[in-house]
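So this block is final_1.cif, mmCIF, C-alpha atoms and all ligand atoms:
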data_structure
loop_
_atom_site.group_PDB
_atom_site.id
_atom_site.type_symbol
_atom_site.label_atom_id
_atom_site.label_comp_id
_atom_site.auth_asym_id
_atom_site.auth_seq_id
_atom_site.Cartn_x
_atom_site.Cartn_y
_atom_site.Cartn_z
ATOM 1 C CA MET J 1 -1.623 -17.417 -11.613
ATOM 2 C CA PRO J 2 -4.754 -18.550 -9.716
ATOM 3 C CA GLN J 3 -6.736 -15.825 -8.010
ATOM 4 C CA LYS J 4 -6.561 -15.844 -4.225
ATOM 5 C CA PRO J 5 -9.557 -14.644 -2.238
ATOM 6 C CA PHE J 6 -9.133 -11.426 -0.287
ATOM 7 C CA THR J 7 -10.750 -10.575 3.001
ATOM 8 C CA ALA J 8 -12.887 -7.489 2.379
ATOM 9 C CA VAL J 9 -15.132 -9.153 -0.214
ATOM 10 C CA PRO J 10 -15.961 -12.871 0.052
ATOM 11 C CA ALA J 11 -14.413 -14.763 -2.859
ATOM 12 C CA GLY J 12 -17.783 -16.107 -3.967
ATOM 13 C CA GLN J 13 -19.053 -12.558 -4.480
ATOM 14 C CA LEU J 14 -16.112 -11.354 -6.538
ATOM 15 C CA PRO J 15 -17.036 -10.327 -10.055
ATOM 16 C CA SER J 16 -14.930 -11.908 -12.755
ATOM 17 C CA GLY J 17 -13.019 -10.655 -15.779
ATOM 18 C CA ALA J 18 -13.448 -7.033 -16.803
ATOM 19 C CA LEU J 19 -15.981 -6.396 -14.019
ATOM 20 C CA LEU J 20 -13.388 -7.283 -11.383
ATOM 21 C CA ILE J 21 -11.036 -4.415 -12.254
ATOM 22 C CA PRO J 22 -13.253 -1.363 -11.544
ATOM 23 C CA ALA J 23 -14.798 -3.043 -8.473
ATOM 24 C CA LEU J 24 -11.370 -3.854 -7.089
ATOM 25 C CA LEU J 25 -10.050 -0.353 -7.849
ATOM 26 C CA ASP J 26 -13.031 1.162 -6.003
ATOM 27 C CA LEU J 27 -12.440 -1.163 -3.061
ATOM 28 C CA ILE J 28 -8.711 -0.325 -2.846
ATOM 29 C CA LEU J 29 -9.351 3.427 -3.103
ATOM 30 C CA ASP J 30 -12.271 3.478 -0.657
ATOM 31 C CA THR J 31 -10.561 1.388 2.011
ATOM 32 C CA HIS J 32 -6.744 1.202 1.872
ATOM 33 C CA HIS J 33 -6.043 4.621 0.308
ATOM 34 C CA VAL J 34 -8.552 6.398 2.588
ATOM 35 C CA TYR J 35 -7.106 4.641 5.640
ATOM 36 C CA ALA J 36 -3.483 5.447 4.715
ATOM 37 C CA ARG J 37 -4.304 9.150 4.236
ATOM 38 C CA ASP J 38 -6.013 9.143 7.626
ATOM 39 C CA VAL J 39 -3.342 7.352 9.639
ATOM 40 C CA LEU J 40 -0.068 8.643 8.135
ATOM 41 C CA PRO J 41 -0.447 12.258 9.385
ATOM 42 C CA ARG J 42 -1.320 10.858 12.820
ATOM 43 C CA ILE J 43 1.795 8.655 12.776
ATOM 44 C CA ARG J 44 3.941 11.686 11.896
ATOM 45 C CA GLU J 45 2.368 13.736 14.679
ATOM 46 C CA SER J 46 2.996 10.989 17.218
ATOM 47 C CA VAL J 47 6.639 10.480 16.302
ATOM 48 C CA PHE J 48 7.348 14.203 16.573
ATOM 49 C CA ALA J 49 5.556 14.347 19.951
ATOM 50 C CA ILE J 50 7.976 11.900 21.602
ATOM 51 C CA PRO J 51 10.005 13.887 24.176
ATOM 52 C CA GLN J 52 13.653 14.704 23.434
ATOM 53 C CA ALA J 53 14.685 12.894 26.620
ATOM 54 C CA ASP J 54 13.165 9.678 25.264
ATOM 55 C CA LEU J 55 14.937 10.161 21.917
ATOM 56 C CA ARG J 56 18.216 10.216 23.855
ATOM 57 C CA ARG J 57 17.169 7.236 25.960
ATOM 58 C CA ASP J 58 16.751 4.951 22.930
ATOM 59 C CA GLU J 59 19.185 5.833 20.153
ATOM 60 C CA ARG J 60 16.951 4.010 17.632
ATOM 61 C CA LEU J 61 14.122 6.540 18.025
ATOM 62 C CA PRO J 62 15.695 9.282 15.848
ATOM 63 C CA LYS J 63 16.034 6.608 13.125
ATOM 64 C CA VAL J 64 12.344 5.728 13.638
ATOM 65 C CA ARG J 65 11.509 9.394 13.061
ATOM 66 C CA GLU J 66 13.511 9.488 9.814
ATOM 67 C CA ALA J 67 12.012 6.204 8.592
ATOM 68 C CA VAL J 68 8.466 7.389 9.375
ATOM 69 C CA GLU J 69 9.047 10.540 7.315
ATOM 70 C CA ALA J 70 10.424 8.482 4.422
ATOM 71 C CA LEU J 71 7.552 5.991 4.649
ATOM 72 C CA SER J 72 4.902 8.713 4.730
ATOM 73 C CA ASP J 73 6.420 10.609 1.792
ATOM 74 C CA GLU J 74 6.850 7.431 -0.253
ATOM 75 C CA MET J 75 3.351 6.089 0.442
ATOM 76 C CA LEU J 76 1.557 9.370 -0.291
ATOM 77 C CA THR J 77 3.518 9.896 -3.522
ATOM 78 C CA HIS J 78 2.943 6.274 -4.531
ATOM 79 C CA MET J 79 -0.832 6.491 -4.007
ATOM 80 C CA HIS J 80 -0.965 9.777 -5.912
ATOM 81 C CA ARG J 81 0.819 8.141 -8.853
ATOM 82 C CA GLU J 82 -1.636 5.234 -8.806
ATOM 83 C CA GLU J 83 -4.683 7.501 -8.598
ATOM 84 C CA SER J 84 -3.592 10.058 -11.169
ATOM 85 C CA MET J 85 -1.834 7.865 -13.726
ATOM 86 C CA LEU J 86 -2.064 4.069 -13.521
ATOM 87 C CA PHE J 87 -5.555 3.406 -12.159
ATOM 88 C CA PRO J 88 -7.392 5.538 -14.771
ATOM 89 C CA VAL J 89 -5.552 3.611 -17.509
ATOM 90 C CA LEU J 90 -6.511 0.283 -15.906
ATOM 91 C CA ARG J 91 -10.161 1.410 -15.802
ATOM 92 C CA HIS J 92 -9.963 2.392 -19.458
ATOM 93 C CA ILE J 93 -8.503 -0.990 -20.416
ATOM 94 C CA ALA J 94 -11.148 -2.847 -18.393
ATOM 95 C CA ALA J 95 -13.876 -0.908 -20.220
ATOM 96 C CA SER J 96 -12.357 -1.507 -23.677
ATOM 97 C CA THR J 97 -13.697 -4.165 -25.989
ATOM 98 C CA GLU J 98 -10.279 -4.507 -27.614
ATOM 99 C CA VAL J 99 -6.894 -4.389 -25.925
ATOM 100 C CA SER J 100 -3.945 -4.026 -28.261
ATOM 101 C CA PRO J 101 -0.304 -5.024 -27.721
ATOM 102 C CA VAL J 102 0.374 -1.278 -27.602
ATOM 103 C CA ASP J 103 -1.882 -1.032 -24.531
ATOM 104 C CA MET J 104 0.204 -3.752 -22.898
ATOM 105 C CA GLU J 105 3.444 -1.908 -23.692
ATOM 106 C CA ILE J 106 1.989 1.224 -22.119
ATOM 107 C CA ILE J 107 0.862 -0.355 -18.850
ATOM 108 C CA LEU J 108 3.728 -2.761 -18.162
ATOM 109 C CA PRO J 109 6.389 -0.164 -17.154
ATOM 110 C CA PRO J 110 4.115 1.703 -14.688
ATOM 111 C CA ILE J 111 2.932 -1.610 -13.189
ATOM 112 C CA GLU J 112 6.560 -2.674 -12.709
ATOM 113 C CA CYS J 113 7.322 0.746 -11.220
ATOM 114 C CA MET J 114 4.452 0.385 -8.707
ATOM 115 C CA GLN J 115 5.690 -3.105 -7.796
ATOM 116 C CA ARG J 116 9.195 -1.745 -7.131
ATOM 117 C CA GLU J 117 7.691 0.965 -4.919
ATOM 118 C CA HIS J 118 5.689 -1.696 -3.053
ATOM 119 C CA GLY J 119 9.011 -3.413 -2.375
ATOM 120 C CA PHE J 120 10.544 -0.192 -1.035
ATOM 121 C CA ILE J 121 7.505 0.463 1.221
ATOM 122 C CA ASP J 122 7.750 -3.105 2.503
ATOM 123 C CA GLU J 123 11.474 -2.617 3.266
ATOM 124 C CA LEU J 124 10.747 0.578 5.221
ATOM 125 C CA LEU J 125 8.063 -1.186 7.270
ATOM 126 C CA GLU J 126 10.416 -4.082 7.971
ATOM 127 C CA TYR J 127 13.143 -1.606 9.041
ATOM 128 C CA LEU J 128 10.639 0.093 11.398
ATOM 129 C CA ARG J 129 9.598 -3.297 12.759
ATOM 130 C CA GLN J 130 13.250 -4.059 13.591
ATOM 131 C CA LEU J 131 13.872 -0.623 15.140
ATOM 132 C CA THR J 132 10.818 -0.953 17.423
ATOM 133 C CA ASP J 133 11.090 -4.593 18.548
ATOM 134 C CA ASP J 134 8.123 -5.567 16.405
ATOM 135 C CA PHE J 135 6.184 -2.412 17.354
ATOM 136 C CA GLN J 136 6.373 -3.204 21.094
ATOM 137 C CA PRO J 137 6.716 -0.160 23.415
ATOM 138 C CA PRO J 138 9.287 -0.092 26.234
ATOM 139 C CA ALA J 139 7.874 0.167 29.759
ATOM 140 C CA TRP J 140 8.811 3.876 29.958
ATOM 141 C CA ALA J 141 7.083 4.867 26.688
ATOM 142 C CA VAL J 142 4.784 7.924 26.858
ATOM 143 C CA ALA J 143 1.251 7.857 25.403
ATOM 144 C CA GLU J 144 2.353 9.353 22.045
ATOM 145 C CA HIS J 145 5.074 6.716 21.711
ATOM 146 C CA ARG J 146 2.555 3.935 22.363
ATOM 147 C CA ALA J 147 0.031 5.476 19.943
ATOM 148 C CA LEU J 148 2.763 5.645 17.296
ATOM 149 C CA LEU J 149 3.579 1.933 17.624
ATOM 150 C CA ASP J 150 -0.112 0.909 17.658
ATOM 151 C CA ASP J 151 -0.743 2.911 14.475
ATOM 152 C CA LEU J 152 2.432 1.615 12.812
ATOM 153 C CA ALA J 153 1.500 -2.002 13.562
ATOM 154 C CA ALA J 154 -2.020 -1.482 12.165
ATOM 155 C CA PHE J 155 -0.648 0.344 9.118
ATOM 156 C CA ALA J 156 1.836 -2.476 8.441
ATOM 157 C CA THR J 157 -0.971 -5.052 8.546
ATOM 158 C CA ASP J 158 -3.218 -2.978 6.296
ATOM 159 C CA THR J 159 -0.399 -2.254 3.840
ATOM 160 C CA THR J 160 0.416 -5.960 3.516
ATOM 161 C CA GLU J 161 -3.175 -6.582 2.411
ATOM 162 C CA HIS J 162 -3.248 -3.419 0.258
ATOM 163 C CA VAL J 163 -0.129 -4.476 -1.637
ATOM 164 C CA ARG J 164 -1.349 -8.065 -1.919
ATOM 165 C CA LYS J 165 -4.578 -6.972 -3.598
ATOM 166 C CA GLU J 166 -2.622 -4.885 -6.117
ATOM 167 C CA ASN J 167 0.268 -7.281 -6.778
ATOM 168 C CA GLU J 168 -1.622 -10.571 -6.693
ATOM 169 C CA ILE J 169 -5.118 -9.725 -7.958
ATOM 170 C CA LEU J 170 -5.316 -6.331 -9.677
ATOM 171 C CA PHE J 171 -2.178 -6.318 -11.837
ATOM 172 C CA PRO J 172 -2.379 -10.002 -12.931
ATOM 173 C CA GLY J 173 -6.102 -9.474 -13.580
ATOM 174 C CA VAL J 174 -5.441 -6.620 -15.999
ATOM 175 C CA LEU J 175 -2.647 -8.483 -17.740
ATOM 176 C CA ARG J 176 -4.799 -11.624 -18.058
ATOM 177 C CA LEU J 177 -7.681 -9.539 -19.422
ATOM 178 C CA ALA J 178 -5.411 -8.147 -22.101
ATOM 179 C CA GLN J 179 -4.124 -11.612 -23.007
ATOM 180 C CA VAL J 180 -7.673 -13.022 -23.265
ATOM 181 C CA GLN J 181 -8.753 -10.197 -25.557
ATOM 182 C CA ASP J 182 -5.587 -10.578 -27.594
ATOM 183 C CA ALA J 183 -6.207 -14.322 -28.188
HETATM 184 FE FE FE Y 201 -2.642 1.458 -3.721
HETATM 185 FE FE FE Y 202 0.290 0.395 -4.632
#

Render the structure in this file as structure tokens.
Ligand SMILES: [Fe+2]
Ligand SMILES: [Fe+2]
Amino acid sequence: MPQKPFTAVPAGQLPSGALLIPALLDLILDTHHVYARDVLPRIRESVFAIPQADLRRDERLPKVREAVEALSDEMLTHMHREESMLFPVLRHIAASTEVSPVDMEIILPPIECMQREHGFIDELLEYLRQLTDDFQPPAWAVAEHRALLDDLAAFATDTTEHVRKENEILFPGVLRLAQVQDA
């Protein structure tokens, strides 16, 4: 699969091969993971600050609250799994001079697991997009309601790029590295 450039680092400056993996991991952790940990508690606060009268006014809002809780729990657990289990193994493989078929057998299931979780996170964001008319506030929305939708829209955009870096650059890069060393 050809590498696609990503926005945070110009494609011409991207390191190649084994050097790409640790640089990309640092970039993902320092930008997307830091941002998600910053914004998700704020999103939860905003959704719980919407007045009860407004929850009764739009029957979709209680579902938004449930979906936000599910999204926050899933995303935080997902990032913890990446940081504590998968990413250290990917760093180790990138630093290795030899990658064995056993290494490949070890990393494939967790990579597939992370990809499935990306799919679930994407479904939750799509569900929230539908429940909120594409993150557009109604005319009567209070400030917390508007802040919630602004943060959700920004988080959806950032998560699309976050997942793209992992699914389309990081994971194929590690697998290609292993294949090259195996050849
Ligand atoms: Fe991640
Ligand atoms: Fe991820």

On this file, the PyMOL selection byres (((chain J and resi 34-44) around 12) and not hetatm) gives some set of residues; write that set as a PDB file with C-alpha atoms, keeping the file's coordinate frame.
ATOM      1  CA  ASP J  26     -13.031   1.162  -6.003  1.00  0.00           C
ATOM      2  CA  LEU J  27     -12.440  -1.163  -3.061  1.00  0.00           C
ATOM      3  CA  ILE J  28      -8.711  -0.325  -2.846  1.00  0.00           C
ATOM      4  CA  LEU J  29      -9.351   3.427  -3.103  1.00  0.00           C
ATOM      5  CA  ASP J  30     -12.271   3.478  -0.657  1.00  0.00           C
ATOM      6  CA  THR J  31     -10.561   1.388   2.011  1.00  0.00           C
ATOM      7  CA  HIS J  32      -6.744   1.202   1.872  1.00  0.00           C
ATOM      8  CA  HIS J  33      -6.043   4.621   0.308  1.00  0.00           C
ATOM      9  CA  GLU J  45       2.368  13.736  14.679  1.00  0.00           C
ATOM     10  CA  SER J  46       2.996  10.989  17.218  1.00  0.00           C
ATOM     11  CA  VAL J  47       6.639  10.480  16.302  1.00  0.00           C
ATOM     12  CA  PHE J  48       7.348  14.203  16.573  1.00  0.00           C
ATOM     13  CA  ALA J  49       5.556  14.347  19.951  1.00  0.00           C
ATOM     14  CA  ILE J  50       7.976  11.900  21.602  1.00  0.00           C
ATOM     15  CA  VAL J  64      12.344   5.728  13.638  1.00  0.00           C
ATOM     16  CA  ARG J  65      11.509   9.394  13.061  1.00  0.00           C
ATOM     17  CA  GLU J  66      13.511   9.488   9.814  1.00  0.00           C
ATOM     18  CA  ALA J  67      12.012   6.204   8.592  1.00  0.00           C
ATOM     19  CA  VAL J  68       8.466   7.389   9.375  1.00  0.00           C
ATOM     20  CA  GLU J  69       9.047  10.540   7.315  1.00  0.00           C
ATOM     21  CA  ALA J  70      10.424   8.482   4.422  1.00  0.00           C
ATOM     22  CA  LEU J  71       7.552   5.991   4.649  1.00  0.00           C
ATOM     23  CA  SER J  72       4.902   8.713   4.730  1.00  0.00           C
ATOM     24  CA  ASP J  73       6.420  10.609   1.792  1.00  0.00           C
ATOM     25  CA  GLU J  74       6.850   7.431  -0.253  1.00  0.00           C
ATOM     26  CA  MET J  75       3.351   6.089   0.442  1.00  0.00           C
ATOM     27  CA  LEU J  76       1.557   9.370  -0.291  1.00  0.00           C
ATOM     28  CA  THR J  77       3.518   9.896  -3.522  1.00  0.00           C
ATOM     29  CA  HIS J  78       2.943   6.274  -4.531  1.00  0.00           C
ATOM     30  CA  MET J  79      -0.832   6.491  -4.007  1.00  0.00           C
ATOM     31  CA  HIS J  80      -0.965   9.777  -5.912  1.00  0.00           C
ATOM     32  CA  GLU J  83      -4.683   7.501  -8.598  1.00  0.00           C
ATOM     33  CA  GLU J 144       2.353   9.353  22.045  1.00  0.00           C
ATOM     34  CA  HIS J 145       5.074   6.716  21.711  1.00  0.00           C
ATOM     35  CA  ARG J 146       2.555   3.935  22.363  1.00  0.00           C
ATOM     36  CA  ALA J 147       0.031   5.476  19.943  1.00  0.00           C
ATOM     37  CA  LEU J 148       2.763   5.645  17.296  1.00  0.00           C
ATOM     38  CA  LEU J 149       3.579   1.933  17.624  1.00  0.00           C
ATOM     39  CA  ASP J 150      -0.112   0.909  17.658  1.00  0.00           C
ATOM     40  CA  ASP J 151      -0.743   2.911  14.475  1.00  0.00           C
ATOM     41  CA  LEU J 152       2.432   1.615  12.812  1.00  0.00           C
ATOM     42  CA  ALA J 153       1.500  -2.002  13.562  1.00  0.00           C
ATOM     43  CA  ALA J 154      -2.020  -1.482  12.165  1.00  0.00           C
ATOM     44  CA  PHE J 155      -0.648   0.344   9.118  1.00  0.00           C
ATOM     45  CA  ALA J 156       1.836  -2.476   8.441  1.00  0.00           C
ATOM     46  CA  THR J 157      -0.971  -5.052   8.546  1.00  0.00           C
ATOM     47  CA  ASP J 158      -3.218  -2.978   6.296  1.00  0.00           C
ATOM     48  CA  THR J 159      -0.399  -2.254   3.840  1.00  0.00           C
ATOM     49  CA  HIS J 162      -3.248  -3.419   0.258  1.00  0.00           C
TER      50      HIS J 162
END

Which centre and which edge lengths, in Å to one decimal, describe the axis-aligned box that holds all listed atoms of segment 47-64 of chain J after 8 Å is added on each side, as lines of an AutoDock Vina configuration file?
center_x = 12.4
center_y = 9.4
center_z = 19.9
size_x = 29.6
size_y = 26.7
size_z = 29.5

* **Surrounding residues as a PyMOL selection string, ligand FE 202 (chain Y), max 7 Å, all atoms listed in the file** => chain J and resi 78-79+82+114+118+163+166

* **Pick from J:Leu131, J:Ile107, J:Leu25, J:Pro137, whichever lies nearest to ligand FE 201 (chain Y) using only C-alpha atoms and all ligand atoms** =>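 Closest to ligand FE 201 (chain Y), using only C-alpha atoms and all ligand atoms: J:Leu25.
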
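In this comparison, which uses all atoms listed in the file, the residue of J:Gln52, J:Thr132, J:Ser96, J:Gln115 approaching ligand FE 201 (chain Y) most closely is J:Gln115.
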
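One distance worth recording is that between atom CA of Pro110 of chain J and atom CA of Tyr127 of chain J, which is 25.6 Å.
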
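Atom pair atom CA of Arg91 of chain J / atom CA of Lys165 of chain J has a distance of 15.8 Å (rounded to one decimal).
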
* Separation of atom CA of Met104 of chain J and atom CA of His92 of chain J, in Å? ->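 Interatomic distance here is 12.4 Å.
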
* Taking the file above as input, evaluate the PyMOL selection byres (((chain J and resi 171) around 12) and not hetatm) and report the hits as a PyMOL selection string. => chain J and resi 1+3+20-21+24-25+82+86-87+89-91+93-94+104+107-115+163-170+172-178

* Using all atoms listed in the file: which of J:Arg60, J:Arg129, J:Arg81, J:Arg116 has the shortest distance to ligand FE 201 (chain Y) ->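 So, comparing all the options, the nearest one is J:Arg81.
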
* Asked: For ligand FE 201 (chain Y), which of J:Glu123, J:Asp54, J:Asp134, J:Glu117 is the closest residue, counting only C-alpha atoms and all ligand atoms?
  ->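 Checking each of J:Glu123, J:Asp54, J:Asp134, J:Glu117 against ligand FE 201 (chain Y), counting only C-alpha atoms and all ligand atoms, the winner is J:Glu117.
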
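Distance annotation: of J:Lys63, J:Ser84, J:Val102, J:Thr97, the residue with the minimal separation from Leu124 of chain J is J:Lys63; atom set is all atoms listed in the file.
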
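For the set J:Glu59, J:Glu126, J:Glu161, J:Asp103, the residue with the smallest atom-to-atom gap to ligand FE 201 (chain Y) is J:Glu161, counting all atoms listed in the file.
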